[in-house]
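Presented below is the structure to which this report refers.
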Amino acid sequence: MSQTPLISFIITYYNLPVEMLRECIESILQLSIPPEEREIILIDDGSDMSPLNELIDYRDQMIYLRQYNQGLSTARNVGIDICRGEYIQFVDADDCLIQGGYEHCLDIVRKHRPDMVIFNFTNEGTEVDTPYLFEGPVSGTEYMHHNNLRATAWGYIFRKKMNGDLRFTPQLLHEDEEFTPQLILRAETIYSTDTYAYYYRERADSIVHNDDKQWKEKRLDDAEYVITQLDHLANTLPSAERIALQRRVAQLTMDYIYNIIMLTHSEQELNSRLERLHKRGMFPLPERDYTHKYKWFRRMTNSKMGRKILVHTLPLLAKER
């Protein structure tokens with residue numbers, strides 16, 4: 001245990017089938033990393049039943065920590081605090097790594113020792129054709145100037161010391177959206193690749209598919225919290241970093257407006273929430289040439305008629321897909 005591992009894999013688990021967890025662990029063990037260069041940390045966030053008795057084969061190859069239920073953010077924060085690896089990889093217990101693609105990312109880490117490697121993911125299984133090209137290095141600020149982020153915290157490998165005191169906000173839905181942009185801005189060297197290195201398993205009972213009214217309201221409230229926090233942070237940064245983060249804030253605000261429409265189908269709710277953003281100087285959306293979709297959405301949301309059309313057409317278009 002005296003050697004610093006190359007990478008710590010932090011798995012977060014809560015009330016999932018143990019078969020999924022075993023598949024997740026196996027996807028890590030099959031990588032070409034010697035035992036002394038890897039650290040597997042399993043954070044059980046207060047599951048009804050501990051899975052440990054069904055993981056006897058892995059007990060000597062991982063650290064298991066069980067805490068009372070505090071949510072995904074706190075579980076990840078615990079993992080960050082106790083891990084020893086030079087790099088960190090988050091893995092959700094119902095997902096797994098894709099060996100060929102992830103080996104490619106590890107090759108980039110070993111050869112270039114960047115602050116971060118950003119990779120692609122798929123929900124179509126682990127048998128996928130994947131490219132092995134990559135780009136970089138660029139700084140985090142430059143990357144955010146030219147790319148739309150995939151903010152999922154398991155979508156990249158990152159150097160632990162770069163993380164510093166940055167942590168996930170407890171009890172926040174979609175906490176990745178707040179965490180990832182701040183982490184990327186701290187990176188001096190980023191490599192990015194389109195290789196599929198992560199299998200994201202979509203489940204009907206996942207948090208994304210929750211249809212409860214109170215949950216929808218919390219999701220929107222938390223999204224509003226994230227964009228206002230990031231906007232406040234942007235205003236404290238030097239020019240280049242500020243412009244990069246403001247681009248991300250504008251994109252998240254567009255997503256937020258879209259989700260208000262899709263979750264509430266209410267023109268009144270939309271206008272009420274937009275009024276709150278307006279008072280903070282965050283609406284209308286800034287006039288920028290980020291993407292064609294962004295420019296179109298900005299024009300539509302700038303008028304009452306445009307917003308009325310969006311409220312009545314977007315849910316119908318989603319049903320037709």
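In the structure tokens, the first chain shown is A, the next is B, and so on; residue numbers restart at 1 for each chain, and ligands run from 1 in the order shown.
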
Applying 12 Å and only C-alpha atoms, which residues near A:Val109 remain after dropping the ones on its own chain fewer than 5 positions away? List them as a PyMOL selection string.
chain A and resi 6-7+86-88+102-104+114-118+134+137+156-159+189-192

Shell of 9 Å around A:Gln251, only C-alpha atoms, local chain residues under 5 positions omitted, as a list in words
Asn148, Gln246, Tyr256, Tyr290 and Tyr294 of chain A

Using only all heavy atoms, please write the residues we just selected to a file, as a PDB file, in the first residue's frame.
ATOM      1  N   ASN A 148     -19.033  22.152 -26.473  1.00  0.00           N
ATOM      2  CA  ASN A 148     -20.174  21.961 -25.583  1.00  0.00           C
ATOM      3  C   ASN A 148     -19.846  20.792 -24.662  1.00  0.00           C
ATOM      4  O   ASN A 148     -19.511  19.700 -25.124  1.00  0.00           O
ATOM      5  CB  ASN A 148     -21.444  21.670 -26.381  1.00  0.00           C
ATOM      6  CG  ASN A 148     -21.837  22.835 -27.259  1.00  0.00           C
ATOM      7  OD1 ASN A 148     -21.546  23.992 -26.951  1.00  0.00           O
ATOM      8  ND2 ASN A 148     -22.498  22.543 -28.371  1.00  0.00           N
ATOM      9  N   GLN A 246     -19.173  31.730 -18.958  1.00  0.00           N
ATOM     10  CA  GLN A 246     -20.438  32.348 -19.370  1.00  0.00           C
ATOM     11  C   GLN A 246     -21.060  31.605 -20.541  1.00  0.00           C
ATOM     12  O   GLN A 246     -22.295  31.524 -20.644  1.00  0.00           O
ATOM     13  CB  GLN A 246     -20.210  33.819 -19.729  1.00  0.00           C
ATOM     14  CG  GLN A 246     -20.023  34.713 -18.511  1.00  0.00           C
ATOM     15  CD  GLN A 246     -19.661  36.142 -18.876  1.00  0.00           C
ATOM     16  OE1 GLN A 246     -19.138  36.409 -19.968  1.00  0.00           O
ATOM     17  NE2 GLN A 246     -19.908  37.063 -17.964  1.00  0.00           N
ATOM     18  N   TYR A 256     -32.238  24.658 -19.160  1.00  0.00           N
ATOM     19  CA  TYR A 256     -33.173  24.898 -18.062  1.00  0.00           C
ATOM     20  C   TYR A 256     -34.536  25.352 -18.591  1.00  0.00           C
ATOM     21  O   TYR A 256     -35.581  24.836 -18.177  1.00  0.00           O
ATOM     22  CB  TYR A 256     -32.572  25.942 -17.129  1.00  0.00           C
ATOM     23  CG  TYR A 256     -33.503  26.489 -16.069  1.00  0.00           C
ATOM     24  CD1 TYR A 256     -34.091  25.663 -15.119  1.00  0.00           C
ATOM     25  CD2 TYR A 256     -33.788  27.853 -16.008  1.00  0.00           C
ATOM     26  CE1 TYR A 256     -34.938  26.177 -14.150  1.00  0.00           C
ATOM     27  CE2 TYR A 256     -34.626  28.380 -15.033  1.00  0.00           C
ATOM     28  CZ  TYR A 256     -35.204  27.525 -14.106  1.00  0.00           C
ATOM     29  OH  TYR A 256     -36.036  28.037 -13.144  1.00  0.00           O
ATOM     30  N   TYR A 290     -23.099  30.694 -30.419  1.00  0.00           N
ATOM     31  CA  TYR A 290     -22.583  29.432 -29.884  1.00  0.00           C
ATOM     32  C   TYR A 290     -22.894  28.267 -30.823  1.00  0.00           C
ATOM     33  O   TYR A 290     -22.017  27.582 -31.307  1.00  0.00           O
ATOM     34  CB  TYR A 290     -23.185  29.170 -28.501  1.00  0.00           C
ATOM     35  CG  TYR A 290     -22.730  30.163 -27.439  1.00  0.00           C
ATOM     36  CD1 TYR A 290     -23.624  30.617 -26.479  1.00  0.00           C
ATOM     37  CD2 TYR A 290     -21.421  30.627 -27.391  1.00  0.00           C
ATOM     38  CE1 TYR A 290     -23.226  31.515 -25.494  1.00  0.00           C
ATOM     39  CE2 TYR A 290     -21.010  31.521 -26.425  1.00  0.00           C
ATOM     40  CZ  TYR A 290     -21.917  31.969 -25.477  1.00  0.00           C
ATOM     41  OH  TYR A 290     -21.515  32.864 -24.515  1.00  0.00           O
ATOM     42  N   TYR A 294     -28.767  27.095 -30.390  1.00  0.00           N
ATOM     43  CA  TYR A 294     -28.809  28.142 -29.369  1.00  0.00           C
ATOM     44  C   TYR A 294     -29.394  29.435 -29.943  1.00  0.00           C
ATOM     45  O   TYR A 294     -30.253  30.071 -29.312  1.00  0.00           O
ATOM     46  CB  TYR A 294     -27.401  28.400 -28.825  1.00  0.00           C
ATOM     47  CG  TYR A 294     -27.328  29.560 -27.857  1.00  0.00           C
ATOM     48  CD1 TYR A 294     -27.587  29.377 -26.500  1.00  0.00           C
ATOM     49  CD2 TYR A 294     -27.005  30.847 -28.288  1.00  0.00           C
ATOM     50  CE1 TYR A 294     -27.539  30.441 -25.611  1.00  0.00           C
ATOM     51  CE2 TYR A 294     -26.962  31.917 -27.413  1.00  0.00           C
ATOM     52  CZ  TYR A 294     -27.219  31.700 -26.071  1.00  0.00           C
ATOM     53  OH  TYR A 294     -27.180  32.762 -25.199  1.00  0.00           O
TER      54      TYR A 294
END

Residues within 12 Å of A:Lys293, only C-alpha atoms, excluding chain neighbours under 5 positions, as a PyMOL selection string:
chain A and resi 251+254-255+258+288+298-300

Hey, what's within 9 Å of A:His312 if we count only C-alpha atoms and toss same-chain stuff fewer than 5 positions away? As a PyMOL selection string, please?
chain A and resi 261+265-267+307

All helix (DSSP H, G or I) positions in stretch 119-237 of chain A, as a ChimeraX atom specification
/A:140-146,160-163,176-185,207-209,213-234

Give me the residues within 12 Å of A:Ala318 as a list in words, counting only C-alpha atoms and dropping any in the same chain fewer than 2 places off.
Tyr258, Asn259, Ile261, Met262, Leu263, Leu310, Val311, His312, Thr313, Leu314, Pro315, Leu316, Glu320 and Arg321 of chain A

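Distances here use only C-alpha atoms; by that measure, the residue among A:Thr180, A:Gln3, A:Asn15, A:Ser32 closest to A:Asp94 is A:Asn15.
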
Restricting the calculation to only C-alpha atoms: of A:Ser50, A:Pro34, A:Ile40, A:Leu270, which residue gets closest to A:Val18?
A:Ser50

Check the smallest atom-to-atom distance from each of A:Arg219, A:Arg201, A:His146, A:Lys319 to A:Phe121 using only C-alpha atoms, then report the winner.
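Distance minimum relative to A:Phe121 lands on A:Arg201.
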
From the options A:Phe9, A:Tyr68, A:Tyr196, A:Tyr225, which residue's atoms come nearest to A:Pro131, counting only C-alpha atoms?
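Of A:Phe9, A:Tyr68, A:Tyr196, A:Tyr225, the one nearest A:Pro131, counting only C-alpha atoms, is A:Tyr196.
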
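Note that the spacing between atom CA of A:Ala244 and atom CA of A:Thr301 amounts to 22.8 Å.
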
DSSP on the backbone, then: every residue of stretch 98-181 of chain A marked strand (DSSP E or B), written as a VMD selection string.
chain A and resid 116 to 122 134 to 138 156 to 159

Counting only C-alpha atoms, which residue out of A:Lys218, A:Asp81, A:Gly125, A:Thr130 sits closest to A:Gly164?
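Counting only C-alpha atoms, the residue closest to A:Gly164 is A:Asp81.
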
Residues near A:Asn77, anyone? I mean within 9 Å using only C-alpha atoms, not counting same-chain ones fewer than 5 positions away, as an NGL selection string.
:A and (72 or 82 or 167-170)

Restricting it to N, CA, C and O atoms, dump the selection as a short mmCIF file (atom, residue, chain, number, x, y, z; two decimals), in the first residue's frame.
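The resulting file, out_24.cif, is reproduced below:
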data_model
loop_
_atom_site.label_atom_id
_atom_site.label_comp_id
_atom_site.auth_asym_id
_atom_site.auth_seq_id
_atom_site.Cartn_x
_atom_site.Cartn_y
_atom_site.Cartn_z
N LEU A 72 -25.76 10.90 -3.72
CA LEU A 72 -24.62 10.66 -4.61
C LEU A 72 -23.49 11.65 -4.38
O LEU A 72 -22.31 11.27 -4.38
N ILE A 82 -10.82 10.02 0.53
CA ILE A 82 -10.04 8.88 1.02
C ILE A 82 -9.16 8.25 -0.05
O ILE A 82 -8.27 7.46 0.28
N ARG A 167 -15.65 20.21 -4.39
CA ARG A 167 -16.47 19.06 -4.03
C ARG A 167 -17.87 19.22 -4.63
O ARG A 167 -18.27 20.30 -5.05
N PHE A 168 -18.62 18.13 -4.64
CA PHE A 168 -20.01 18.16 -5.10
C PHE A 168 -20.90 18.74 -4.00
O PHE A 168 -20.69 18.50 -2.81
N THR A 169 -21.91 19.51 -4.41
CA THR A 169 -22.85 20.07 -3.45
C THR A 169 -23.83 18.98 -3.01
O THR A 169 -24.52 18.39 -3.85
N PRO A 170 -23.92 18.68 -1.71
CA PRO A 170 -24.81 17.61 -1.24
C PRO A 170 -26.27 17.89 -1.59
O PRO A 170 -26.72 19.03 -1.63
#

Quick one, how far is atom CA of A:Arg150 from atom CA of A:Glu177?
8.8 Å

Got a sec: who's within 10 Å of A:Gly101, counting only C-alpha atoms, leaving out chain neighbours fewer than 4 positions off, as a count of residues only?
18

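Across A:Ile10, A:Ile28, A:Leu220, A:Leu16, the tightest approach to A:Val78 is made by A:Ile10 when counting only C-alpha atoms.
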